[in-house]
file run-v9.cif (mmCIF, C-alpha atoms)
data_work
#
loop_
_atom_site.label_atom_id
_atom_site.label_comp_id
_atom_site.auth_asym_id
_atom_site.auth_seq_id
_atom_site.Cartn_x
_atom_site.Cartn_y
_atom_site.Cartn_z
CA MET H 1 105.67 112.31 111.07
CA GLU H 2 102.48 110.74 112.31
CA LEU H 3 101.73 109.25 115.72
CA HIS H 4 98.89 106.74 115.73
CA ILE H 5 97.00 105.85 118.90
CA LEU H 6 95.65 102.40 118.16
CA GLU H 7 92.36 100.96 119.40
CA HIS H 8 93.91 98.33 121.66
CA ARG H 9 93.44 98.68 125.43
CA VAL H 10 96.16 96.45 126.84
CA ARG H 11 96.77 94.86 130.22
CA VAL H 12 100.16 93.65 131.42
CA LEU H 13 100.30 90.36 133.31
CA SER H 14 102.82 88.02 134.89
CA ILE H 15 102.44 84.25 135.03
CA ALA H 16 104.73 82.64 137.61
CA ARG H 17 106.82 79.88 136.10
CA PRO H 18 105.44 77.15 138.44
CA GLY H 19 101.90 78.08 137.33
CA LEU H 20 102.45 77.90 133.58
CA TRP H 21 100.71 74.51 133.40
CA LEU H 22 97.45 76.17 134.46
CA TYR H 23 97.55 78.51 131.45
CA THR H 24 98.80 76.16 128.73
CA HIS H 25 95.34 75.63 127.22
CA PRO H 26 94.27 79.31 127.05
CA LEU H 27 97.71 80.33 125.76
CA ILE H 28 97.58 77.72 122.99
CA LYS H 29 94.15 79.07 122.05
CA LEU H 30 95.51 82.63 121.85
CA LEU H 31 98.62 81.49 119.97
CA PHE H 32 97.19 79.11 117.41
CA LEU H 33 93.44 79.66 117.28
CA PRO H 34 92.94 83.41 116.94
CA CYS H 35 89.67 82.72 115.11
CA ARG H 36 88.33 81.31 118.41
CA SER H 37 89.15 84.51 120.26
CA ARG H 38 88.54 88.19 119.62
CA CYS H 39 92.02 89.03 120.92
CA ARG H 40 93.94 91.26 118.46
CA PHE H 41 96.94 92.15 120.60
CA PHE H 42 98.86 89.23 122.11
CA SER H 43 102.47 89.17 123.30
CA LEU H 44 104.13 86.46 125.43
CA THR H 45 107.70 86.86 126.69
CA GLU H 46 109.55 84.22 128.70
CA THR H 47 112.22 85.53 131.09
CA PRO H 48 114.14 83.82 133.89
CA GLU H 49 111.62 85.17 136.41
CA ASP H 50 108.25 84.61 134.77
CA TYR H 51 106.15 84.90 131.64
CA THR H 52 104.99 88.41 130.74
CA LEU H 53 101.78 88.79 128.80
CA MET H 54 100.56 91.93 127.06
CA VAL H 55 97.00 91.30 125.91
CA ASP H 56 93.97 93.33 125.04
CA GLU H 57 90.77 93.06 127.05
CA GLU H 58 89.49 90.17 124.94
CA GLY H 59 92.70 88.25 125.57
CA LEU H 60 92.46 88.90 129.30
CA LYS H 61 89.06 87.20 129.36
CA GLU H 62 90.73 83.94 128.30
CA LEU H 63 93.00 83.83 131.38
CA PRO H 64 91.45 82.55 134.62
CA PRO H 65 92.50 84.26 137.87
CA SER H 66 94.83 82.26 140.11
CA GLU H 67 97.58 82.66 142.67
CA PHE H 68 100.08 82.40 139.80
CA LEU H 69 98.70 85.35 137.83
CA GLN H 70 99.52 88.99 138.57
CA VAL H 71 97.73 91.72 136.65
CA ALA H 72 99.15 95.24 136.70
CA GLU H 73 96.51 97.79 137.65
CA ALA H 74 96.84 100.18 134.72
CA THR H 75 95.27 99.89 131.30
CA TRP H 76 97.77 100.77 128.57
CA LEU H 77 97.13 102.40 125.21
CA VAL H 78 99.25 101.43 122.22
CA MET H 79 100.91 103.90 119.85
CA ASN H 80 103.30 103.72 116.94
CA VAL H 81 105.05 106.20 114.70
CA SER H 82 104.71 106.25 110.94
CA HIS H 83 106.30 108.37 108.27
CA SER H 84 104.44 109.19 105.05
CA GLY H 85 101.84 106.59 105.89
CA SER H 86 104.24 103.67 106.41
CA VAL H 87 105.20 102.29 109.80
CA VAL H 88 108.77 102.93 110.96
CA GLN H 89 110.60 99.61 110.75
CA ALA H 90 111.69 97.65 113.79
CA ALA H 91 114.98 98.19 115.61
CA GLY H 92 113.88 101.79 115.56
CA VAL H 93 113.44 102.63 119.24
CA THR H 94 116.51 104.82 118.88
CA LYS H 95 114.88 106.58 115.91
CA ILE H 96 112.10 107.80 118.20
CA ALA H 97 114.34 108.43 121.23
CA ARG H 98 114.46 112.19 120.77
CA SER H 99 110.99 112.74 119.31
CA VAL H 100 108.92 110.47 121.59
CA ILE H 101 110.80 108.72 124.38
CA ALA H 102 112.78 111.67 125.78
CA PRO H 103 109.86 114.17 125.79
CA LEU H 104 107.58 111.70 127.56
CA ALA H 105 110.27 110.98 130.16
CA GLU H 106 110.72 114.72 130.76
CA HIS H 107 106.97 115.03 131.33
CA HIS H 108 106.99 112.05 133.71
CA VAL H 109 105.00 109.68 131.54
CA SER H 110 105.76 106.03 132.23
CA VAL H 111 106.38 104.10 129.00
CA LEU H 112 106.55 100.43 128.08
CA MET H 113 108.05 99.33 124.76
CA LEU H 114 107.36 96.32 122.59
CA SER H 115 109.58 96.12 119.53
CA THR H 116 108.53 93.55 116.95
CA TYR H 117 109.89 92.47 113.58
CA GLN H 118 107.43 94.86 111.94
CA THR H 119 107.37 97.95 114.14
CA ASP H 120 107.91 99.45 117.58
CA PHE H 121 104.88 99.78 119.84
CA ILE H 122 104.88 102.44 122.56
CA LEU H 123 102.55 101.74 125.49
CA VAL H 124 101.36 104.54 127.78
CA ARG H 125 98.88 104.40 130.61
CA GLU H 126 95.39 105.41 129.59
CA GLN H 127 95.30 107.98 132.39
CA ASP H 128 98.35 109.72 130.86
CA LEU H 129 96.88 110.15 127.38
CA SER H 130 96.17 113.86 127.76
CA VAL H 131 99.77 114.48 128.82
CA VAL H 132 101.03 112.42 125.87
CA ILE H 133 98.98 114.40 123.36
CA HIS H 134 99.92 117.72 124.93
CA THR H 135 103.61 116.75 124.90
CA LEU H 136 103.84 115.40 121.35
CA ALA H 137 101.30 117.52 119.46
CA GLN H 138 103.90 119.97 118.14
CA GLU H 139 106.19 117.23 116.82
CA PHE H 140 103.58 114.91 115.29
CA GLN H 141 100.32 114.77 113.48
CA ILE H 142 98.37 112.65 115.96
CA TYR H 143 95.61 110.27 114.95
CA ARG H 144 93.44 108.04 117.09
CA GLU H 145 91.95 104.95 115.51
CA VAL H 146 88.17 104.74 115.87
CA GLY H 147 86.44 101.81 114.23
CA GLY H 148 89.59 101.10 112.24
CA GLU H 149 89.75 104.62 110.81
CA PRO H 150 92.32 107.28 111.85
CA VAL H 151 90.71 110.38 113.33
CA PRO H 152 92.89 113.51 113.73
CA VAL H 153 93.61 114.61 117.29
CA THR H 154 94.77 118.09 118.23
CA GLY H 155 96.46 119.30 121.38
CA ASP H 156 93.18 121.03 122.28
CA ASP H 157 91.48 117.62 122.37
CA SER H 158 93.67 116.34 125.18
CA SER H 159 92.17 118.32 128.05
CA ASN H 160 90.98 121.75 128.99
CA GLY H 161 93.01 123.66 131.50
CA PHE H 162 96.03 121.40 131.04
CA PRO H 163 97.99 121.30 134.31
CA GLN H 164 101.48 122.69 134.64
CA ILE H 165 104.05 119.92 134.29
CA GLN H 166 105.98 119.29 137.47
CA HIS H 167 109.55 118.21 136.82
CA GLY H 168 110.82 115.79 139.43
CA PRO H 169 114.24 114.34 140.20
CA SER H 170 116.32 112.62 137.55
CA PRO H 171 115.40 108.94 137.12
CA THR H 172 117.49 106.22 138.67
CA VAL H 173 120.13 104.81 136.34
CA HIS H 174 119.64 101.08 136.69
CA PRO H 175 122.36 98.42 136.53
CA ILE H 176 122.68 96.41 133.35
CA GLN H 177 123.69 92.88 132.45
CA SER H 178 124.50 91.33 129.11
CA PRO H 179 123.75 87.59 128.87
CA GLN H 180 125.86 85.56 126.49
CA ASN H 181 122.90 84.59 124.29
CA ARG H 182 122.91 85.49 120.60
CA PHE H 183 119.37 86.28 119.48
CA CYS H 184 117.47 86.20 116.19
CA VAL H 185 114.55 88.48 115.39
CA LEU H 186 112.18 86.71 113.04
CA THR H 187 108.74 86.70 111.50
CA LEU H 188 106.50 83.98 110.20
CA ASP H 189 103.67 83.87 107.70
CA PRO H 190 100.55 83.19 109.82
CA GLU H 191 99.48 80.64 107.20
CA THR H 192 102.53 78.51 108.11
CA LEU H 193 102.03 78.77 111.89
CA PRO H 194 100.48 75.26 112.09
CA ALA H 195 103.67 73.83 110.55
CA VAL H 196 105.75 75.01 113.52
CA ALA H 197 103.08 74.53 116.19
CA THR H 198 104.60 71.39 117.73
CA THR H 199 108.07 72.93 117.97
CA LEU H 200 106.70 76.20 119.31
CA ILE H 201 104.65 74.44 121.99
CA ASP H 202 107.70 72.41 122.99
CA VAL H 203 109.92 75.50 123.25
CA LEU H 204 107.39 77.58 125.17
CA PHE H 205 105.89 75.02 127.51
CA TYR H 206 108.14 71.99 127.87
CA SER H 207 111.80 72.83 127.17
CA HIS H 208 112.65 74.56 130.41
CA SER H 209 116.19 74.66 131.72
CA VAL H 210 117.08 76.18 135.06
CA PRO H 211 119.02 79.34 134.26
CA LYS H 212 122.49 79.67 135.69
CA GLU H 213 122.77 82.53 138.14
CA ALA H 214 123.97 85.71 136.55
CA ALA H 215 127.42 86.79 137.56
CA SER H 216 127.10 89.58 140.12
CA GLY H 217 130.55 91.01 139.61
CA GLY H 218 129.99 92.62 136.22
CA PRO H 219 127.64 93.22 133.35
CA GLU H 220 128.53 90.00 131.51
CA SER H 221 126.42 87.06 132.68
CA THR H 222 125.68 83.54 131.53
CA SER H 223 122.93 82.75 129.05
CA ILE H 224 119.34 83.17 130.18
CA PRO H 225 116.01 81.76 129.00
CA PHE H 226 114.34 84.41 126.85
CA PHE H 227 111.75 83.89 124.15
CA ALA H 228 109.28 86.46 122.86
CA PHE H 229 106.29 85.77 120.62
CA SER H 230 103.74 88.33 119.51
CA LEU H 231 100.65 88.08 117.32
CA ILE H 232 99.33 91.58 116.78
CA GLU H 233 96.74 92.46 114.15
CA GLY H 234 97.66 89.32 112.21
CA TYR H 235 101.44 89.90 112.21
CA ILE H 236 103.80 87.49 113.96
CA SER H 237 107.13 88.45 115.51
CA ILE H 238 109.52 86.11 117.34
CA VAL H 239 112.71 86.75 119.30
CA MET H 240 114.64 83.60 120.17
CA ASP H 241 118.09 82.34 121.01
CA ALA H 242 120.04 81.39 117.89
CA GLU H 243 120.47 77.86 119.29
CA ILE H 244 116.71 77.50 119.76
CA GLN H 245 116.17 78.60 116.16
CA LYS H 246 117.89 75.42 115.00
CA LYS H 247 114.87 73.43 116.23
CA PHE H 248 112.60 75.12 113.69
CA PRO H 249 112.32 74.47 109.93
CA SER H 250 114.77 76.90 108.35
CA ASP H 251 112.55 77.65 105.36
CA LEU H 252 109.59 78.96 107.39
CA LEU H 253 111.17 81.51 109.72
CA LEU H 254 111.93 84.77 107.96
CA THR H 255 114.57 87.30 108.97
CA SER H 256 116.24 90.30 107.38
CA SER H 257 118.44 89.68 104.36
CA SER H 258 121.54 90.30 106.49
CA GLY H 259 120.58 87.56 108.97
CA GLU H 260 121.91 89.80 111.74
CA LEU H 261 122.31 88.43 115.26
CA TRP H 262 121.58 90.48 118.36
CA ARG H 263 122.91 90.68 121.90
CA MET H 264 120.88 91.69 124.92
CA VAL H 265 121.24 94.41 127.51
CA ARG H 266 119.03 93.59 130.45
CA ILE H 267 118.05 96.59 132.57
CA GLY H 268 117.40 96.47 136.30
CA GLY H 269 118.88 94.91 139.41
CA GLN H 270 115.50 94.72 141.15
CA PRO H 271 112.02 94.61 139.58
CA LEU H 272 111.43 97.98 137.95
CA GLY H 273 107.71 98.41 138.54
CA PHE H 274 105.46 100.51 136.34
CA ASP H 275 105.55 103.96 137.92
CA GLU H 276 109.13 105.04 137.30
CA CYS H 277 109.63 107.25 134.26
CA GLY H 278 112.67 107.52 132.00
CA ILE H 279 113.83 103.89 132.04
CA VAL H 280 113.50 103.48 128.27
CA ALA H 281 114.98 106.95 127.71
CA GLN H 282 118.15 106.15 129.66
CA ILE H 283 118.90 103.36 127.18
CA ALA H 284 117.45 104.75 123.95
CA GLY H 285 118.95 108.21 124.37
CA PRO H 286 122.64 107.26 124.60
CA LEU H 287 122.25 104.71 121.78
CA ALA H 288 120.53 107.27 119.56
CA ALA H 289 123.45 109.66 120.15
CA VAL H 290 125.81 107.17 118.51
CA ASP H 291 123.26 105.88 115.98
CA ILE H 292 123.01 102.31 117.29
CA SER H 293 119.67 100.64 116.56
CA ALA H 294 117.89 98.63 119.21
CA TYR H 295 114.85 96.48 119.68
CA TYR H 296 113.32 97.08 123.10
CA ILE H 297 111.03 94.72 125.01
CA SER H 298 109.58 95.69 128.38
CA THR H 299 108.42 92.91 130.70
CA PHE H 300 106.68 92.72 134.05
CA ASN H 301 109.91 92.95 136.06
CA PHE H 302 112.76 94.07 133.80
CA ASP H 303 113.48 95.74 130.46
CA HIS H 304 115.49 94.27 127.60
CA ALA H 305 117.27 95.99 124.72
CA LEU H 306 118.62 94.00 121.78
CA VAL H 307 121.51 95.58 119.90
CA PRO H 308 123.57 94.35 116.93
CA GLU H 309 126.06 91.71 118.05
CA ASP H 310 129.08 93.64 116.82
CA GLU H 311 128.00 96.72 118.82
CA ILE H 312 127.56 95.07 122.24
CA GLY H 313 130.99 96.08 123.57
CA CYS H 314 130.40 99.70 122.62
CA VAL H 315 126.88 99.66 124.11
CA ILE H 316 128.03 98.27 127.45
CA ASP H 317 130.82 100.83 127.61
CA ILE H 318 128.43 103.71 126.89
CA LEU H 319 125.86 102.58 129.45
CA GLN H 320 128.44 101.80 132.13
CA ARG H 321 130.00 105.23 131.74
CA ARG H 322 126.55 106.74 132.14
CA GLN H 323 126.02 104.77 135.33
CA GLU H 324 129.45 105.73 136.69
CA GLY H 325 128.78 109.36 135.81
CA GLN H 326 125.65 109.39 137.96
CA ALA H 327 127.47 107.67 140.82
CA SER H 328 130.17 110.34 140.82
#

call {"tool": "encode", "arguments": {"input": "run-v9.cif", "output": "structure tokens"}}
result
Amino acid sequence: MELHILEHRVRVLSIARPGLWLYTHPLIKLLFLPCRSRCRFFSLTETPEDYTLMVDEEGLKELPPSEFLQVAEATWLVMNVSHSGSVVQAAGVTKIARSVIAPLAEHHVSVLMLSTYQTDFILVREQDLSVVIHTLAQEFQIYREVGGEPVPVTGDDSSNGFPQIQHGPSPTVHPIQSPQNRFCVLTLDPETLPAVATTLIDVLFYSHSVPKEAASGGPESTSIPFFAFSLIEGYISIVMDAEIQKKFPSDLLLTSSSGELWRMVRIGGQPLGFDECGIVAQIAGPLAAVDISAYYISTFNFDHALVPEDEIGCVIDILQRRQEGQAS
């Protein structure tokens, strides 16, 4: 298999919900007028707490600083896995659980995930790149994109005198919740984006409902606002509530032939931060063991896994038993 380190240098931001009005114009530019911006990596995810943005450095230039905008310190590099020259299809975070996610967690590399309709992006901090290459060089042929062309990377290229890995304590097993939403994972031909622009603007910027408080007594909670849109290298991916999908023209949004619906597992009782390692692994690993696919979307405060609707009961049981096992 091949691991590709893409050219994007990505920053992770949070826009507070009360401050969204300040960013409506630059976000519309990034969403609908990519020809007016040099941004090639754009992802916007609405959660109950805030709006998470993952944007490259050109996208960051479009966003004015304000009291409503938090920018995480690290710069993140973007990777994906391909097999025989084709990108591994989405819902595949469990496919790379053993080969990528687990080894990086063992070597204390913090990972963010962004699953899209087309592929699964793995984000690692730029400062950790040498550790990443050293860790994965035996499993993968590693390439780094330079000027749009893949250039082979060897383990010797990562660093000289590579430091001994220090294994720390096991990561915290975080609580989970499963909102009642049923989600669709969709794509859209960029040529038809103008046809859904009005609906998309309404959903993202004007159709806000105050989320009901999640039930604290168990993993099942009420529905939550969650909407993810990404435009990366010309490919569009959308995750939305099945009820929200009804607002869009049915002939423009494309999904898999099965039309599968997805349920969410939301990870974290308190904001997770960016320094803890193994958060993705504690979800992807157990699901990989039972061959359950999952989309995975990291945000500024919490992580979110989407699993097939008919598997949600099994997933919650597996993850709860893992949590109870650590507690005992």

call {"tool": "residues_around", "arguments": {"input": "run-v9.cif", "residues": "H:Leu22", "least_positions_apart": "5", "cutoff": "12 Å", "atoms": "all atoms listed in the file", "output": "list in words"}}
result
Ile15, Ala16, Arg17, Leu27, Ile28, Glu62, Leu63, Pro64, Pro65, Ser66, Glu67, Phe68, Leu69 and Phe205 of chain H

call {"tool": "write_last_selection", "arguments": {"input": "run-v9.cif", "atoms": "C-alpha atoms", "output": "PDB file, in the frame of the given file"}}
result
ATOM      1  CA  ILE H  15     102.440  84.250 135.030  1.00  0.00           C
ATOM      2  CA  ALA H  16     104.730  82.640 137.610  1.00  0.00           C
ATOM      3  CA  ARG H  17     106.820  79.880 136.100  1.00  0.00           C
ATOM      4  CA  LEU H  27      97.710  80.330 125.760  1.00  0.00           C
ATOM      5  CA  ILE H  28      97.580  77.720 122.990  1.00  0.00           C
ATOM      6  CA  GLU H  62      90.730  83.940 128.300  1.00  0.00           C
ATOM      7  CA  LEU H  63      93.000  83.830 131.380  1.00  0.00           C
ATOM      8  CA  PRO H  64      91.450  82.550 134.620  1.00  0.00           C
ATOM      9  CA  PRO H  65      92.500  84.260 137.870  1.00  0.00           C
ATOM     10  CA  SER H  66      94.830  82.260 140.110  1.00  0.00           C
ATOM     11  CA  GLU H  67      97.580  82.660 142.670  1.00  0.00           C
ATOM     12  CA  PHE H  68     100.080  82.400 139.800  1.00  0.00           C
ATOM     13  CA  LEU H  69      98.700  85.350 137.830  1.00  0.00           C
ATOM     14  CA  PHE H 205     105.890  75.020 127.510  1.00  0.00           C
TER      15      PHE H 205
END

call {"tool": "residues_around", "arguments": {"input": "run-v9.cif", "residues": "H:Val131", "least_positions_apart": "3", "cutoff": "8 Å", "atoms": "all atoms listed in the file", "output": "mmCIF file with C-alpha atoms, in the coordinates of the input"}}
result
data_model
loop_
_atom_site.group_PDB
_atom_site.id
_atom_site.type_symbol
_atom_site.label_atom_id
_atom_site.label_comp_id
_atom_site.auth_asym_id
_atom_site.auth_seq_id
_atom_site.Cartn_x
_atom_site.Cartn_y
_atom_site.Cartn_z
ATOM 1 C CA HIS H 107 106.970 115.030 131.330
ATOM 2 C CA VAL H 109 105.000 109.680 131.540
ATOM 3 C CA ASP H 128 98.350 109.720 130.860
ATOM 4 C CA HIS H 134 99.920 117.720 124.930
ATOM 5 C CA THR H 135 103.610 116.750 124.900
ATOM 6 C CA SER H 158 93.670 116.340 125.180
#

call {"tool": "axis_aligned_box", "arguments": {"input": "run-v9.cif", "around": "stretch 182-188 of chain H", "padding_each_side": "3 Å", "output": "AutoDock Vina command-line options"}}
result
--center_x 114.7 --center_y 86.2 --center_z 115.4 --size_x 22.4 --size_y 10.5 --size_z 16.4

call {"tool": "atom_distance", "arguments": {"input": "run-v9.cif", "atom1": "atom CA of H:Phe183", "atom2": "atom CA of H:Trp262"}}
result
4.9 Å

call {"tool": "residues_around", "arguments": {"input": "run-v9.cif", "residues": "stretch 245-253 of chain H", "least_positions_apart": "2", "cutoff": "8 Å", "atoms": "all atoms listed in the file", "output": "MDAnalysis selection string"}}
result
chainID H and resid 184 186:189 192 196 199 240:243 255

call {"tool": "closest_residue", "arguments": {"input": "run-v9.cif", "among": "H:Asp291, H:Asp50, H:Glu149, H:Glu233", "to": "H:Val93", "atoms": "all atoms listed in the file"}}
result
H:Asp291

call {"tool": "residues_near_point", "arguments": {"input": "run-v9.cif", "point": "(121.3, 99.9, 120.0)", "cutoff": "12 Å", "atoms": "only C-alpha atoms", "output": "number ranges by chain"}}
result
H: 90-95, 97, 262-265, 280, 282-296, 304-316, 318-319

call {"tool": "write_last_selection", "arguments": {"input": "run-v9.cif", "atoms": "C-alpha atoms", "output": "PDB file, in the frame of the given file"}}
result
ATOM      1  CA  ALA H  90     111.690  97.650 113.790  1.00  0.00           C
ATOM      2  CA  ALA H  91     114.980  98.190 115.610  1.00  0.00           C
ATOM      3  CA  GLY H  92     113.880 101.790 115.560  1.00  0.00           C
ATOM      4  CA  VAL H  93     113.440 102.630 119.240  1.00  0.00           C
ATOM      5  CA  THR H  94     116.510 104.820 118.880  1.00  0.00           C
ATOM      6  CA  LYS H  95     114.880 106.580 115.910  1.00  0.00           C
ATOM      7  CA  ALA H  97     114.340 108.430 121.230  1.00  0.00           C
ATOM      8  CA  TRP H 262     121.580  90.480 118.360  1.00  0.00           C
ATOM      9  CA  ARG H 263     122.910  90.680 121.900  1.00  0.00           C
ATOM     10  CA  MET H 264     120.880  91.690 124.920  1.00  0.00           C
ATOM     11  CA  VAL H 265     121.240  94.410 127.510  1.00  0.00           C
ATOM     12  CA  VAL H 280     113.500 103.480 128.270  1.00  0.00           C
ATOM     13  CA  GLN H 282     118.150 106.150 129.660  1.00  0.00           C
ATOM     14  CA  ILE H 283     118.900 103.360 127.180  1.00  0.00           C
ATOM     15  CA  ALA H 284     117.450 104.750 123.950  1.00  0.00           C
ATOM     16  CA  GLY H 285     118.950 108.210 124.370  1.00  0.00           C
ATOM     17  CA  PRO H 286     122.640 107.260 124.600  1.00  0.00           C
ATOM     18  CA  LEU H 287     122.250 104.710 121.780  1.00  0.00           C
ATOM     19  CA  ALA H 288     120.530 107.270 119.560  1.00  0.00           C
ATOM     20  CA  ALA H 289     123.450 109.660 120.150  1.00  0.00           C
ATOM     21  CA  VAL H 290     125.810 107.170 118.510  1.00  0.00           C
ATOM     22  CA  ASP H 291     123.260 105.880 115.980  1.00  0.00           C
ATOM     23  CA  ILE H 292     123.010 102.310 117.290  1.00  0.00           C
ATOM     24  CA  SER H 293     119.670 100.640 116.560  1.00  0.00           C
ATOM     25  CA  ALA H 294     117.890  98.630 119.210  1.00  0.00           C
ATOM     26  CA  TYR H 295     114.850  96.480 119.680  1.00  0.00           C
ATOM     27  CA  TYR H 296     113.320  97.080 123.100  1.00  0.00           C
ATOM     28  CA  HIS H 304     115.490  94.270 127.600  1.00  0.00           C
ATOM     29  CA  ALA H 305     117.270  95.990 124.720  1.00  0.00           C
ATOM     30  CA  LEU H 306     118.620  94.000 121.780  1.00  0.00           C
ATOM     31  CA  VAL H 307     121.510  95.580 119.900  1.00  0.00           C
ATOM     32  CA  PRO H 308     123.570  94.350 116.930  1.00  0.00           C
ATOM     33  CA  GLU H 309     126.060  91.710 118.050  1.00  0.00           C
ATOM     34  CA  ASP H 310     129.080  93.640 116.820  1.00  0.00           C
ATOM     35  CA  GLU H 311     128.000  96.720 118.820  1.00  0.00           C
ATOM     36  CA  ILE H 312     127.560  95.070 122.240  1.00  0.00           C
ATOM     37  CA  GLY H 313     130.990  96.080 123.570  1.00  0.00           C
ATOM     38  CA  CYS H 314     130.400  99.700 122.620  1.00  0.00           C
ATOM     39  CA  VAL H 315     126.880  99.660 124.110  1.00  0.00           C
ATOM     40  CA  ILE H 316     128.030  98.270 127.450  1.00  0.00           C
ATOM     41  CA  ILE H 318     128.430 103.710 126.890  1.00  0.00           C
ATOM     42  CA  LEU H 319     125.860 102.580 129.450  1.00  0.00           C
TER      43      LEU H 319
END

call {"tool": "closest_residue", "arguments": {"input": "run-v9.cif", "among": "H:Gln138, H:Ser298, H:Asn181, H:Thr24", "to": "H:Ile122", "atoms": "only C-alpha atoms"}}
result
H:Ser298

call {"tool": "resolve_selection", "arguments": {"input": "run-v9.cif", "expression": "the PyMOL selection byres ((chain H and resi 276) around 10)", "output": "list of chain:residue names"}}
result
H:Ala105, H:His108, H:Val109, H:Ser110, H:Val111, H:Pro171, H:Thr172, H:Leu272, H:Gly273, H:Phe274, H:Asp275, H:Cys277, H:Gly278, H:Ile279

call {"tool": "residues_around", "arguments": {"input": "run-v9.cif", "residues": "H:Ser207", "least_positions_apart": "2", "cutoff": "12 Å", "atoms": "only C-alpha atoms", "output": "list of chain:residue names"}}
result
H:Glu46, H:Thr198, H:Thr199, H:Leu200, H:Ile201, H:Asp202, H:Val203, H:Leu204, H:Phe205, H:Ser209, H:Val210, H:Pro225, H:Phe226, H:Phe227, H:Ile244, H:Lys247

call {"tool": "resolve_selection", "arguments": {"input": "run-v9.cif", "expression": "the PyMOL selection byres ((chain H and resi 299-302) around 10)", "output": "PyMOL selection string"}}
result
chain H and resi 12-15+44-47+49-54+70-72+112-114+266-274+296-298+303-304

call {"tool": "residues_around", "arguments": {"input": "run-v9.cif", "residues": "H:Tyr235", "least_positions_apart": "6", "cutoff": "12 Å", "atoms": "all atoms listed in the file", "output": "PyMOL selection string"}}
result
chain H and resi 31+34+40-43+116-119+186-191+193+229

call {"tool": "write_last_selection", "arguments": {"input": "run-v9.cif", "atoms": "C-alpha atoms", "output": "PDB file, in the frame of the given file"}}
result
ATOM      1  CA  LEU H  31      98.620  81.490 119.970  1.00  0.00           C
ATOM      2  CA  PRO H  34      92.940  83.410 116.940  1.00  0.00           C
ATOM      3  CA  ARG H  40      93.940  91.260 118.460  1.00  0.00           C
ATOM      4  CA  PHE H  41      96.940  92.150 120.600  1.00  0.00           C
ATOM      5  CA  PHE H  42      98.860  89.230 122.110  1.00  0.00           C
ATOM      6  CA  SER H  43     102.470  89.170 123.300  1.00  0.00           C
ATOM      7  CA  THR H 116     108.530  93.550 116.950  1.00  0.00           C
ATOM      8  CA  TYR H 117     109.890  92.470 113.580  1.00  0.00           C
ATOM      9  CA  GLN H 118     107.430  94.860 111.940  1.00  0.00           C
ATOM     10  CA  THR H 119     107.370  97.950 114.140  1.00  0.00           C
ATOM     11  CA  LEU H 186     112.180  86.710 113.040  1.00  0.00           C
ATOM     12  CA  THR H 187     108.740  86.700 111.500  1.00  0.00           C
ATOM     13  CA  LEU H 188     106.500  83.980 110.200  1.00  0.00           C
ATOM     14  CA  ASP H 189     103.670  83.870 107.700  1.00  0.00           C
ATOM     15  CA  PRO H 190     100.550  83.190 109.820  1.00  0.00           C
ATOM     16  CA  GLU H 191      99.480  80.640 107.200  1.00  0.00           C
ATOM     17  CA  LEU H 193     102.030  78.770 111.890  1.00  0.00           C
ATOM     18  CA  PHE H 229     106.290  85.770 120.620  1.00  0.00           C
TER      19      PHE H 229
END

call {"tool": "closest_residue", "arguments": {"input": "run-v9.cif", "among": "H:Pro179, H:Cys35, H:Leu231, H:Leu6", "to": "H:Leu123", "atoms": "only C-alpha atoms"}}
result
H:Leu6

call {"tool": "atom_distance", "arguments": {"input": "run-v9.cif", "atom1": "atom CA of H:Arg36", "atom2": "atom CA of H:Lys61"}}
result
12.5 Å

call {"tool": "closest_residue", "arguments": {"input": "run-v9.cif", "among": "H:Pro150, H:Pro48, H:Pro194, H:Pro18", "to": "H:Leu3", "atoms": "only C-alpha atoms"}}
result
H:Pro150

call {"tool": "closest_residue", "arguments": {"input": "run-v9.cif", "among": "H:Pro175, H:Leu136, H:Glu7, H:Thr154", "to": "H:Ile101", "atoms": "all atoms listed in the file"}}
result
H:Leu136

call {"tool": "atom_distance", "arguments": {"input": "run-v9.cif", "atom1": "atom CA of H:Gly147", "atom2": "atom CA of H:Asp56"}}
result
15.7 Å

call {"tool": "closest_residue", "arguments": {"input": "run-v9.cif", "among": "H:Arg144, H:His25, H:His4, H:Arg182", "to": "H:Val81", "atoms": "all atoms listed in the file"}}
result
H:His4

call {"tool": "resolve_selection", "arguments": {"input": "run-v9.cif", "expression": "the PyMOL selection byres ((chain H and resi 77) around 7)", "output": "MDAnalysis selection string"}}
result
chainID H and resid 8:10 75:76 78:79 123:126

call {"tool": "write_last_selection", "arguments": {"input": "run-v9.cif", "atoms": "C-alpha atoms", "output": "PDB file, keeping the file's coordinate frame"}}
result
ATOM      1  CA  HIS H   8      93.910  98.330 121.660  1.00  0.00           C
ATOM      2  CA  ARG H   9      93.440  98.680 125.430  1.00  0.00           C
ATOM      3  CA  VAL H  10      96.160  96.450 126.840  1.00  0.00           C
ATOM      4  CA  THR H  75      95.270  99.890 131.300  1.00  0.00           C
ATOM      5  CA  TRP H  76      97.770 100.770 128.570  1.00  0.00           C
ATOM      6  CA  VAL H  78      99.250 101.430 122.220  1.00  0.00           C
ATOM      7  CA  MET H  79     100.910 103.900 119.850  1.00  0.00           C
ATOM      8  CA  LEU H 123     102.550 101.740 125.490  1.00  0.00           C
ATOM      9  CA  VAL H 124     101.360 104.540 127.780  1.00  0.00           C
ATOM     10  CA  ARG H 125      98.880 104.400 130.610  1.00  0.00           C
ATOM     11  CA  GLU H 126      95.390 105.410 129.590  1.00  0.00           C
TER      12      GLU H 126
END
